$ cat model18.tsv   # TSV, C-alpha atoms
chain	number	residue	atom	x	y	z
A	1	PRO	CA	176.56	-19.64	190.38
A	2	ALA	CA	179.37	-17.40	191.55
A	3	ALA	CA	177.40	-15.39	194.11
A	4	TYR	CA	177.31	-16.37	197.77
A	5	LEU	CA	174.12	-15.68	199.70
A	6	PRO	CA	174.29	-15.84	203.51
A	7	LEU	CA	171.76	-18.09	205.20
A	8	ASN	CA	169.47	-15.27	206.32
A	9	GLN	CA	169.25	-14.01	202.74
A	10	GLU	CA	168.58	-17.53	201.45
A	11	VAL	CA	165.76	-17.80	203.98
A	12	GLU	CA	164.10	-14.62	202.76
A	13	ARG	CA	164.63	-15.57	199.10
A	14	CYS	CA	162.86	-18.88	199.66
A	15	MET	CA	160.13	-17.29	201.77
A	16	SER	CA	159.45	-14.89	198.93
A	17	ARG	CA	159.18	-17.78	196.50
A	18	LEU	CA	156.95	-19.72	198.90
A	19	ARG	CA	154.55	-16.80	199.25
A	20	GLU	CA	154.09	-16.79	195.48
A	21	LYS	CA	152.62	-20.31	195.56
A	22	PRO	CA	148.88	-20.43	194.80
A	23	ASP	CA	147.80	-22.50	197.83
A	24	ASN	CA	149.06	-24.15	201.00
A	25	LEU	CA	149.44	-27.61	199.44
A	26	GLU	CA	151.87	-26.18	196.90
A	27	ARG	CA	153.66	-24.39	199.75
A	28	TYR	CA	153.84	-27.71	201.64
A	29	ILE	CA	155.36	-29.45	198.61
A	30	TYR	CA	157.86	-26.62	198.20
A	31	LEU	CA	158.92	-26.82	201.86
A	32	ARG	CA	159.23	-30.60	201.74
A	33	ASN	CA	161.50	-30.29	198.71
A	34	ILE	CA	163.73	-27.84	200.60
A	35	GLN	CA	163.77	-30.18	203.61
A	36	ASP	CA	164.91	-33.05	201.41
A	37	VAL	CA	167.73	-31.16	199.68
A	38	ASN	CA	168.87	-28.62	202.31
A	39	GLU	CA	167.84	-29.34	205.90
A	40	ASN	CA	169.80	-26.39	207.28
A	41	LEU	CA	167.83	-23.99	205.10
A	42	PHE	CA	164.52	-25.71	205.89
A	43	TYR	CA	164.98	-25.44	209.65
A	44	ALA	CA	166.29	-21.88	209.40
A	45	MET	CA	163.07	-20.96	207.60
A	46	LEU	CA	160.89	-22.82	210.09
A	47	ILE	CA	162.65	-21.32	213.12
A	48	ARG	CA	162.58	-17.73	211.82
A	49	HIS	CA	159.02	-17.88	210.44
A	50	THR	CA	157.42	-20.36	212.82
A	51	ALA	CA	154.00	-18.72	213.05
A	52	GLU	CA	153.68	-18.49	209.27
A	53	LEU	CA	155.03	-21.94	208.42
A	54	MET	CA	153.70	-24.13	211.23
A	55	PRO	CA	150.18	-24.31	209.71
A	56	ILE	CA	151.81	-25.46	206.47
A	57	VAL	CA	154.26	-27.97	207.90
A	58	TYR	CA	151.62	-29.40	210.24
A	59	THR	CA	147.90	-28.84	210.80
A	60	PRO	CA	145.80	-27.94	208.99
A	61	THR	CA	147.71	-28.32	205.70
A	62	VAL	CA	149.28	-31.68	206.62
A	63	GLY	CA	145.81	-33.23	206.54
A	64	LEU	CA	145.38	-32.41	202.85
A	65	ALA	CA	149.00	-33.41	202.22
A	66	CYS	CA	148.31	-36.82	203.77
A	67	GLU	CA	145.24	-37.32	201.63
A	68	ARG	CA	147.39	-36.55	198.58
A	69	PHE	CA	150.55	-38.22	199.92
A	70	SER	CA	150.83	-40.97	197.30
A	71	HIS	CA	150.27	-38.44	194.52
A	72	ILE	CA	152.84	-35.87	195.69
A	73	TYR	CA	155.48	-38.35	196.92
A	74	ARG	CA	158.88	-37.65	195.36
A	75	GLY	CA	160.86	-40.66	196.52
A	76	ALA	CA	163.16	-38.89	198.99
A	77	LEU	CA	164.48	-40.75	202.03
A	78	ARG	CA	162.26	-39.26	204.72
A	79	GLY	CA	161.29	-41.89	207.25
A	80	LEU	CA	161.19	-45.67	207.50
A	81	TYR	CA	158.41	-47.74	205.97
A	82	LEU	CA	157.65	-51.16	207.46
A	83	THR	CA	154.90	-53.58	206.46
A	84	ILE	CA	153.25	-56.66	207.89
A	85	ASN	CA	155.18	-58.60	205.25
A	86	ASP	CA	158.45	-57.55	206.92
A	87	ALA	CA	157.66	-59.53	210.07
A	88	GLY	CA	160.78	-61.34	211.21
A	89	SER	CA	163.11	-58.81	209.54
A	90	ILE	CA	162.42	-55.54	211.36
A	91	ARG	CA	165.77	-55.45	213.15
A	92	GLN	CA	167.69	-55.98	209.91
A	93	ILE	CA	165.63	-53.31	208.13
A	94	LEU	CA	166.47	-50.80	210.87
A	95	ASP	CA	170.13	-51.22	209.96
A	96	ASN	CA	169.33	-49.52	206.65
A	97	TRP	CA	168.62	-46.25	208.46
A	98	PRO	CA	171.69	-44.01	207.96
A	99	TYR	CA	171.88	-42.75	211.56
A	100	ASP	CA	172.62	-44.83	214.68
A	101	ASN	CA	172.02	-42.05	217.22
A	102	VAL	CA	168.22	-41.92	217.04
A	103	THR	CA	166.58	-40.84	220.30
A	104	THR	CA	163.04	-40.01	219.16
A	105	VAL	CA	160.75	-42.21	217.07
A	106	VAL	CA	157.25	-41.16	215.99
A	107	VAL	CA	155.33	-44.14	214.64
A	108	THR	CA	151.88	-44.49	213.09
A	109	ASP	CA	149.91	-47.24	211.42
A	110	GLY	CA	147.81	-44.63	209.64
A	111	GLU	CA	144.45	-45.79	210.97
A	112	ARG	CA	143.17	-42.55	212.54
A	113	ILE	CA	144.90	-39.62	210.84
A	114	LEU	CA	143.64	-36.36	212.37
A	115	GLY	CA	139.88	-36.35	211.70
A	116	LEU	CA	140.31	-38.01	208.32
A	117	GLY	CA	140.22	-41.64	209.39
A	118	ASP	CA	142.15	-44.55	207.88
A	119	LEU	CA	144.68	-43.19	205.37
A	120	GLY	CA	147.06	-46.15	205.42
A	121	VAL	CA	150.57	-45.31	204.26
A	122	ASN	CA	149.43	-41.80	203.36
A	123	GLY	CA	149.47	-41.07	207.08
A	124	MET	CA	153.27	-40.91	207.03
A	125	GLY	CA	152.98	-37.14	206.64
A	126	ILE	CA	152.07	-36.94	210.34
A	127	PRO	CA	155.30	-38.39	211.84
A	128	ILE	CA	157.36	-36.40	209.33
A	129	GLY	CA	155.62	-33.14	210.20
A	130	LYS	CA	155.55	-33.75	213.94
A	131	LEU	CA	159.29	-34.42	214.11
A	132	ALA	CA	160.06	-31.36	211.99
A	133	LEU	CA	158.35	-29.28	214.66
A	134	TYR	CA	160.25	-31.10	217.43
A	135	SER	CA	163.49	-30.08	215.74
A	136	ALA	CA	162.49	-26.48	214.97
A	137	CYS	CA	160.65	-25.71	218.22
A	138	ALA	CA	162.32	-27.98	220.77
A	139	GLY	CA	165.82	-28.21	219.35
A	140	VAL	CA	165.86	-31.97	218.77
A	141	ASN	CA	168.64	-32.75	216.29
A	142	PRO	CA	167.04	-34.00	213.04
A	143	GLU	CA	169.57	-36.85	212.99
A	144	HIS	CA	168.07	-38.05	216.27
A	145	CYS	CA	164.56	-38.27	214.78
A	146	LEU	CA	162.98	-41.22	212.99
A	147	PRO	CA	159.50	-41.10	211.42
A	148	VAL	CA	158.06	-44.60	210.98
A	149	HIS	CA	154.99	-45.96	209.24
A	150	ILE	CA	153.88	-49.52	209.98
A	151	ASP	CA	151.73	-50.65	207.06
A	152	VAL	CA	149.26	-53.39	207.96
A	153	GLY	CA	146.82	-52.55	205.18
A	154	THR	CA	143.92	-50.11	205.01
A	155	ASN	CA	140.15	-50.31	205.05
A	156	ASN	CA	139.89	-47.10	203.04
A	157	GLU	CA	138.34	-48.14	199.74
A	158	THR	CA	139.39	-44.89	198.08
A	159	ASN	CA	143.03	-45.75	198.73
A	160	LEU	CA	142.62	-49.37	197.69
A	161	ASP	CA	141.09	-48.23	194.39
A	162	ASP	CA	143.72	-45.52	193.79
A	163	PRO	CA	146.21	-46.69	191.12
A	164	TYR	CA	148.87	-44.43	192.67
A	165	TYR	CA	148.42	-45.57	196.29
A	166	LEU	CA	151.82	-46.52	197.71
A	167	GLY	CA	150.73	-48.80	200.55
A	168	LEU	CA	149.71	-52.45	200.83
A	169	ARG	CA	146.59	-53.21	198.83
A	170	GLN	CA	144.82	-55.30	201.43
A	171	LYS	CA	142.38	-54.94	204.27
A	172	ARG	CA	143.83	-53.92	207.60
A	173	GLU	CA	145.29	-56.74	209.71
A	174	ARG	CA	143.35	-57.15	212.96
A	175	GLY	CA	144.68	-60.41	214.32
A	176	GLU	CA	147.57	-61.72	216.35
A	177	ALA	CA	150.00	-60.92	213.53
A	178	TYR	CA	149.42	-57.20	214.21
A	179	ASP	CA	150.37	-57.45	217.87
A	180	ASP	CA	153.37	-59.61	217.01
A	181	LEU	CA	154.59	-56.99	214.53
A	182	ILE	CA	154.27	-54.15	217.07
A	183	ALA	CA	156.15	-56.24	219.64
A	184	GLU	CA	158.90	-57.01	217.14
A	185	PHE	CA	159.14	-53.32	216.28
A	186	PHE	CA	159.60	-52.30	219.93
A	187	ARG	CA	162.22	-54.96	220.54
A	188	ALA	CA	164.05	-53.97	217.35
A	189	VAL	CA	164.21	-50.21	218.05
A	190	GLN	CA	165.35	-50.83	221.62
A	191	ASP	CA	168.05	-53.21	220.42
A	192	LYS	CA	169.17	-50.82	217.67
A	193	PHE	CA	168.95	-47.47	219.48
A	194	GLY	CA	168.94	-48.43	223.16
A	195	GLU	CA	166.28	-49.04	225.79
A	196	LYS	CA	165.87	-45.30	226.44
A	197	VAL	CA	164.82	-44.46	222.88
A	198	LEU	CA	161.47	-42.62	222.91
A	199	VAL	CA	158.71	-44.24	220.85
A	200	GLN	CA	155.69	-42.01	220.36
A	201	PHE	CA	152.42	-43.58	219.22
A	202	GLU	CA	150.77	-41.21	216.74
A	203	ASP	CA	147.26	-41.49	215.26
A	204	PHE	CA	146.58	-45.13	216.04
A	205	GLY	CA	142.89	-46.10	215.93
A	206	ASN	CA	140.99	-46.33	219.20
A	207	LEU	CA	140.77	-50.09	218.82
A	208	ASN	CA	144.54	-50.34	219.33
A	209	ALA	CA	145.67	-47.05	220.88
A	210	PHE	CA	144.67	-47.62	224.51
A	211	ARG	CA	145.58	-51.28	224.72
A	212	LEU	CA	148.98	-50.80	223.05
A	213	LEU	CA	149.78	-47.95	225.42
A	214	SER	CA	148.77	-50.11	228.37
A	215	GLN	CA	150.85	-53.00	227.04
A	216	TRP	CA	154.06	-51.03	226.42
A	217	ARG	CA	154.06	-48.11	228.84
A	218	ASP	CA	156.01	-50.08	231.48
A	219	LYS	CA	158.27	-51.87	229.00
A	220	ALA	CA	159.54	-48.94	226.93
A	221	CYS	CA	160.00	-45.19	226.96
A	222	THR	CA	156.73	-44.48	225.19
A	223	PHE	CA	153.58	-42.40	225.17
A	224	ASN	CA	150.54	-41.84	222.99
A	225	ASP	CA	150.32	-38.24	221.86
A	226	ASP	CA	146.59	-38.39	221.10
A	227	ILE	CA	145.80	-39.72	224.58
A	228	GLN	CA	148.45	-38.32	226.89
A	229	GLY	CA	149.67	-35.36	224.83
A	230	THR	CA	146.17	-33.96	224.39
A	231	ALA	CA	145.37	-34.56	228.06
A	232	SER	CA	148.59	-32.82	229.13
A	233	VAL	CA	147.79	-29.72	227.08
A	234	ALA	CA	144.26	-29.62	228.52
A	235	LEU	CA	145.59	-29.99	232.06
A	236	GLY	CA	148.21	-27.32	231.42
A	237	GLY	CA	145.44	-24.95	230.34
A	238	LEU	CA	143.46	-25.66	233.50
A	239	LEU	CA	146.49	-25.12	235.73
A	240	ALA	CA	147.30	-21.86	233.94
A	241	SER	CA	143.71	-20.71	234.44
A	242	GLU	CA	144.18	-21.09	238.20
A	243	ARG	CA	146.96	-18.51	238.14
A	244	LEU	CA	145.04	-16.15	235.87
A	245	THR	CA	141.75	-16.30	237.76
A	246	GLY	CA	143.02	-16.89	241.27
A	247	ARG	CA	140.56	-19.75	241.61
A	248	SER	CA	141.30	-23.44	242.06
A	249	ILE	CA	140.17	-26.10	239.58
A	250	SER	CA	137.90	-27.60	242.23
A	251	ASP	CA	135.85	-24.38	242.22
$ encode --input "model18.tsv" --output "structure tokens"
Amino acid sequence: PAAYLPLNQEVERCMSRLREKPDNLERYIYLRNIQDVNENLFYAMLIRHTAELMPIVYTPTVGLACERFSHIYRGALRGLYLTINDAGSIRQILDNWPYDNVTTVVVTDGERILGLGDLGVNGMGIPIGKLALYSACAGVNPEHCLPVHIDVGTNNETNLDDPYYLGLRQKRERGEAYDDLIAEFFRAVQDKFGEKVLVQFEDFGNLNAFRLLSQWRDKACTFNDDIQGTASVALGGLLASERLTGRSISD
């Protein structure tokens, strides 16, 4: 088309179209499509309409999007998918990622997605959504962000019976091979992106979350958002209440 629309006008045009969608899942799909074809426009929309779009890009809509992930997946390059069958090749697979300047990795194995439980590969919507907010709200360059899903199977029978499920069709690995894969992943990302690369554990099951954090917290720049992130927000609220009430936490 011959006409040129400035970015702010493009934002409002797309917001108008988004508001015409019948429900938030359709709005999520629409936003993801924009993110995949025009990141500048996507982040301009998210920055200028944060309050309206955050519940679509992340909770609560992302929960439904994760449940439907395999059905609404459109094949765009948005994150790195690793499986237990890739053991021994993680470092080489990382070389397929188009950017070498990654500073922030959000990784999940999909076992405890929000309050929905084991969603397997469908849980990839969480790292994607979380990093989109890091870029829009904290200014982290999208090229510096890497969403990762480590697929070790799923114990969710609904997924295993779903003909469109995109993950491994096997029960979740619980043995030594799981720990070996996580260790290989950490060594690979540090070798590829440097020892200071941030690796955020996201929505790991309780069986693994605490012990993996304990195992890697002194070996890598890492934290578990569900353990430490939640605790930090709660502590921040308590500290803020001291200033508002004039009373100490000990009272």
$ closest_residue --input "model18.tsv" --among "A:Ile90, A:Ala231, A:Ile84, A:Leu131" --to "Glu143 in chain A" --atoms "all atoms listed in the file"
A:Leu131
$ axis_aligned_box --input "model18.tsv" --around "range 149-156 of chain A" --padding-each-side "4 Å" --output "JSON"
{"center_x": 147.4, "center_y": -49.7, "center_z": 206.5, "size_x": 23.1, "size_y": 15.4, "size_z": 14.9}
$ closest_residue --input "model18.tsv" --among "A:Gln190, A:Thr61, A:Thr154, A:Ser135" --to "Leu168 in chain A" --atoms "only C-alpha atoms"
A:Thr154
$ atom_distance --input "model18.tsv" --atom1 "CA of His49 in chain A" --atom2 "CA of Asn122 in chain A"
26.7 Å
$ closest_residue --input "model18.tsv" --among "A:Asn24, A:Asn208, A:Thr50, A:Ser232" --to "Tyr178 in chain A" --atoms "only C-alpha atoms"
A:Asn208
$ decode --input "model18.tsv" --residues "range 134-173 of chain A" --atoms "N, CA and C atoms" --output "PDB file, in the first residue's frame"
ATOM      1  N   TYR A 134       9.359  -8.471  30.485  1.00  0.00           N
ATOM      2  CA  TYR A 134      10.683  -7.951  30.850  1.00  0.00           C
ATOM      3  C   TYR A 134      11.133  -6.895  29.839  1.00  0.00           C
ATOM      4  N   SER A 135      10.840  -7.140  28.577  1.00  0.00           N
ATOM      5  CA  SER A 135      11.232  -6.178  27.541  1.00  0.00           C
ATOM      6  C   SER A 135      10.377  -4.915  27.615  1.00  0.00           C
ATOM      7  N   ALA A 136       9.055  -5.085  27.728  1.00  0.00           N
ATOM      8  CA  ALA A 136       8.158  -3.934  27.709  1.00  0.00           C
ATOM      9  C   ALA A 136       8.241  -3.105  28.982  1.00  0.00           C
ATOM     10  N   CYS A 137       8.370  -3.768  30.118  1.00  0.00           N
ATOM     11  CA  CYS A 137       8.298  -3.068  31.411  1.00  0.00           C
ATOM     12  C   CYS A 137       9.659  -2.758  32.021  1.00  0.00           C
ATOM     13  N   ALA A 138      10.670  -3.528  31.678  1.00  0.00           N
ATOM     14  CA  ALA A 138      11.997  -3.317  32.266  1.00  0.00           C
ATOM     15  C   ALA A 138      13.040  -2.898  31.240  1.00  0.00           C
ATOM     16  N   GLY A 139      12.653  -2.854  29.970  1.00  0.00           N
ATOM     17  CA  GLY A 139      13.566  -2.368  28.954  1.00  0.00           C
ATOM     18  C   GLY A 139      14.632  -3.350  28.511  1.00  0.00           C
ATOM     19  N   VAL A 140      14.446  -4.643  28.784  1.00  0.00           N
ATOM     20  CA  VAL A 140      15.418  -5.641  28.342  1.00  0.00           C
ATOM     21  C   VAL A 140      15.256  -5.851  26.835  1.00  0.00           C
ATOM     22  N   ASN A 141      16.322  -5.664  26.096  1.00  0.00           N
ATOM     23  CA  ASN A 141      16.277  -5.822  24.640  1.00  0.00           C
ATOM     24  C   ASN A 141      15.773  -7.229  24.287  1.00  0.00           C
ATOM     25  N   PRO A 142      14.750  -7.337  23.437  1.00  0.00           N
ATOM     26  CA  PRO A 142      14.246  -8.668  23.071  1.00  0.00           C
ATOM     27  C   PRO A 142      15.325  -9.598  22.518  1.00  0.00           C
ATOM     28  N   GLU A 143      16.344  -9.035  21.858  1.00  0.00           N
ATOM     29  CA  GLU A 143      17.423  -9.875  21.333  1.00  0.00           C
ATOM     30  C   GLU A 143      18.241 -10.505  22.460  1.00  0.00           C
ATOM     31  N   HIS A 144      18.145  -9.942  23.646  1.00  0.00           N
ATOM     32  CA  HIS A 144      18.901 -10.460  24.786  1.00  0.00           C
ATOM     33  C   HIS A 144      18.130 -11.525  25.555  1.00  0.00           C
ATOM     34  N   CYS A 145      16.925 -11.835  25.102  1.00  0.00           N
ATOM     35  CA  CYS A 145      16.031 -12.750  25.820  1.00  0.00           C
ATOM     36  C   CYS A 145      15.911 -14.088  25.102  1.00  0.00           C
ATOM     37  N   LEU A 146      15.896 -15.164  25.886  1.00  0.00           N
ATOM     38  CA  LEU A 146      15.756 -16.503  25.308  1.00  0.00           C
ATOM     39  C   LEU A 146      14.787 -17.343  26.136  1.00  0.00           C
ATOM     40  N   PRO A 147      13.575 -17.588  25.617  1.00  0.00           N
ATOM     41  CA  PRO A 147      12.662 -18.527  26.275  1.00  0.00           C
ATOM     42  C   PRO A 147      13.070 -19.956  25.930  1.00  0.00           C
ATOM     43  N   VAL A 148      13.084 -20.827  26.941  1.00  0.00           N
ATOM     44  CA  VAL A 148      13.509 -22.218  26.717  1.00  0.00           C
ATOM     45  C   VAL A 148      12.511 -23.167  27.371  1.00  0.00           C
ATOM     46  N   HIS A 149      12.178 -24.225  26.640  1.00  0.00           N
ATOM     47  CA  HIS A 149      11.423 -25.330  27.235  1.00  0.00           C
ATOM     48  C   HIS A 149      12.272 -26.589  27.158  1.00  0.00           C
ATOM     49  N   ILE A 150      12.419 -27.248  28.310  1.00  0.00           N
ATOM     50  CA  ILE A 150      13.135 -28.521  28.375  1.00  0.00           C
ATOM     51  C   ILE A 150      12.092 -29.627  28.525  1.00  0.00           C
ATOM     52  N   ASP A 151      11.913 -30.398  27.486  1.00  0.00           N
ATOM     53  CA  ASP A 151      10.864 -31.412  27.416  1.00  0.00           C
ATOM     54  C   ASP A 151      11.412 -32.752  27.886  1.00  0.00           C
ATOM     55  N   VAL A 152      10.942 -33.194  29.046  1.00  0.00           N
ATOM     56  CA  VAL A 152      11.341 -34.504  29.570  1.00  0.00           C
ATOM     57  C   VAL A 152      10.134 -35.426  29.671  1.00  0.00           C
ATOM     58  N   GLY A 153       9.081 -35.094  28.912  1.00  0.00           N
ATOM     59  CA  GLY A 153       7.853 -35.858  28.959  1.00  0.00           C
ATOM     60  C   GLY A 153       6.801 -35.164  29.803  1.00  0.00           C
ATOM     61  N   THR A 154       5.652 -35.794  29.939  1.00  0.00           N
ATOM     62  CA  THR A 154       4.561 -35.242  30.738  1.00  0.00           C
ATOM     63  C   THR A 154       3.747 -36.382  31.328  1.00  0.00           C
ATOM     64  N   ASN A 155       3.220 -36.149  32.515  1.00  0.00           N
ATOM     65  CA  ASN A 155       2.327 -37.125  33.135  1.00  0.00           C
ATOM     66  C   ASN A 155       0.860 -36.737  32.969  1.00  0.00           C
ATOM     67  N   ASN A 156       0.627 -35.740  32.124  1.00  0.00           N
ATOM     68  CA  ASN A 156      -0.729 -35.274  31.849  1.00  0.00           C
ATOM     69  C   ASN A 156      -1.344 -36.150  30.760  1.00  0.00           C
ATOM     70  N   GLU A 157      -2.285 -36.998  31.164  1.00  0.00           N
ATOM     71  CA  GLU A 157      -2.877 -37.944  30.219  1.00  0.00           C
ATOM     72  C   GLU A 157      -3.647 -37.236  29.106  1.00  0.00           C
ATOM     73  N   THR A 158      -4.220 -36.073  29.415  1.00  0.00           N
ATOM     74  CA  THR A 158      -4.944 -35.328  28.387  1.00  0.00           C
ATOM     75  C   THR A 158      -4.007 -34.938  27.251  1.00  0.00           C
ATOM     76  N   ASN A 159      -2.810 -34.486  27.609  1.00  0.00           N
ATOM     77  CA  ASN A 159      -1.825 -34.150  26.581  1.00  0.00           C
ATOM     78  C   ASN A 159      -1.369 -35.382  25.814  1.00  0.00           C
ATOM     79  N   LEU A 160      -1.092 -36.452  26.541  1.00  0.00           N
ATOM     80  CA  LEU A 160      -0.590 -37.664  25.891  1.00  0.00           C
ATOM     81  C   LEU A 160      -1.613 -38.245  24.923  1.00  0.00           C
ATOM     82  N   ASP A 161      -2.887 -38.009  25.196  1.00  0.00           N
ATOM     83  CA  ASP A 161      -3.950 -38.527  24.323  1.00  0.00           C
ATOM     84  C   ASP A 161      -4.347 -37.537  23.226  1.00  0.00           C
ATOM     85  N   ASP A 162      -3.797 -36.324  23.276  1.00  0.00           N
ATOM     86  CA  ASP A 162      -4.161 -35.281  22.313  1.00  0.00           C
ATOM     87  C   ASP A 162      -3.390 -35.499  21.006  1.00  0.00           C
ATOM     88  N   PRO A 163      -4.061 -35.739  19.893  1.00  0.00           N
ATOM     89  CA  PRO A 163      -3.353 -35.985  18.633  1.00  0.00           C
ATOM     90  C   PRO A 163      -2.544 -34.779  18.153  1.00  0.00           C
ATOM     91  N   TYR A 164      -2.835 -33.587  18.678  1.00  0.00           N
ATOM     92  CA  TYR A 164      -2.131 -32.386  18.248  1.00  0.00           C
ATOM     93  C   TYR A 164      -1.045 -31.947  19.234  1.00  0.00           C
ATOM     94  N   TYR A 165      -0.848 -32.711  20.308  1.00  0.00           N
ATOM     95  CA  TYR A 165       0.158 -32.336  21.307  1.00  0.00           C
ATOM     96  C   TYR A 165       1.545 -32.342  20.679  1.00  0.00           C
ATOM     97  N   LEU A 166       2.316 -31.269  20.917  1.00  0.00           N
ATOM     98  CA  LEU A 166       3.592 -31.073  20.239  1.00  0.00           C
ATOM     99  C   LEU A 166       4.802 -31.579  21.020  1.00  0.00           C
ATOM    100  N   GLY A 167       4.591 -32.070  22.227  1.00  0.00           N
ATOM    101  CA  GLY A 167       5.713 -32.513  23.044  1.00  0.00           C
ATOM    102  C   GLY A 167       5.983 -33.999  22.931  1.00  0.00           C
ATOM    103  N   LEU A 168       6.968 -34.464  23.721  1.00  0.00           N
ATOM    104  CA  LEU A 168       7.288 -35.889  23.768  1.00  0.00           C
ATOM    105  C   LEU A 168       6.107 -36.673  24.320  1.00  0.00           C
ATOM    106  N   ARG A 169       5.801 -37.771  23.685  1.00  0.00           N
ATOM    107  CA  ARG A 169       4.690 -38.618  24.144  1.00  0.00           C
ATOM    108  C   ARG A 169       5.254 -39.727  25.023  1.00  0.00           C
ATOM    109  N   GLN A 170       5.622 -39.343  26.234  1.00  0.00           N
ATOM    110  CA  GLN A 170       6.153 -40.292  27.198  1.00  0.00           C
ATOM    111  C   GLN A 170       5.975 -39.732  28.596  1.00  0.00           C
ATOM    112  N   LYS A 171       6.026 -40.614  29.575  1.00  0.00           N
ATOM    113  CA  LYS A 171       5.930 -40.176  30.954  1.00  0.00           C
ATOM    114  C   LYS A 171       7.167 -39.344  31.320  1.00  0.00           C
ATOM    115  N   ARG A 172       6.995 -38.485  32.275  1.00  0.00           N
ATOM    116  CA  ARG A 172       8.042 -37.558  32.675  1.00  0.00           C
ATOM    117  C   ARG A 172       9.248 -38.288  33.262  1.00  0.00           C
ATOM    118  N   GLU A 173      10.432 -37.925  32.796  1.00  0.00           N
ATOM    119  CA  GLU A 173      11.684 -38.506  33.292  1.00  0.00           C
ATOM    120  C   GLU A 173      11.927 -38.037  34.726  1.00  0.00           C
TER     121      GLU A 173
END
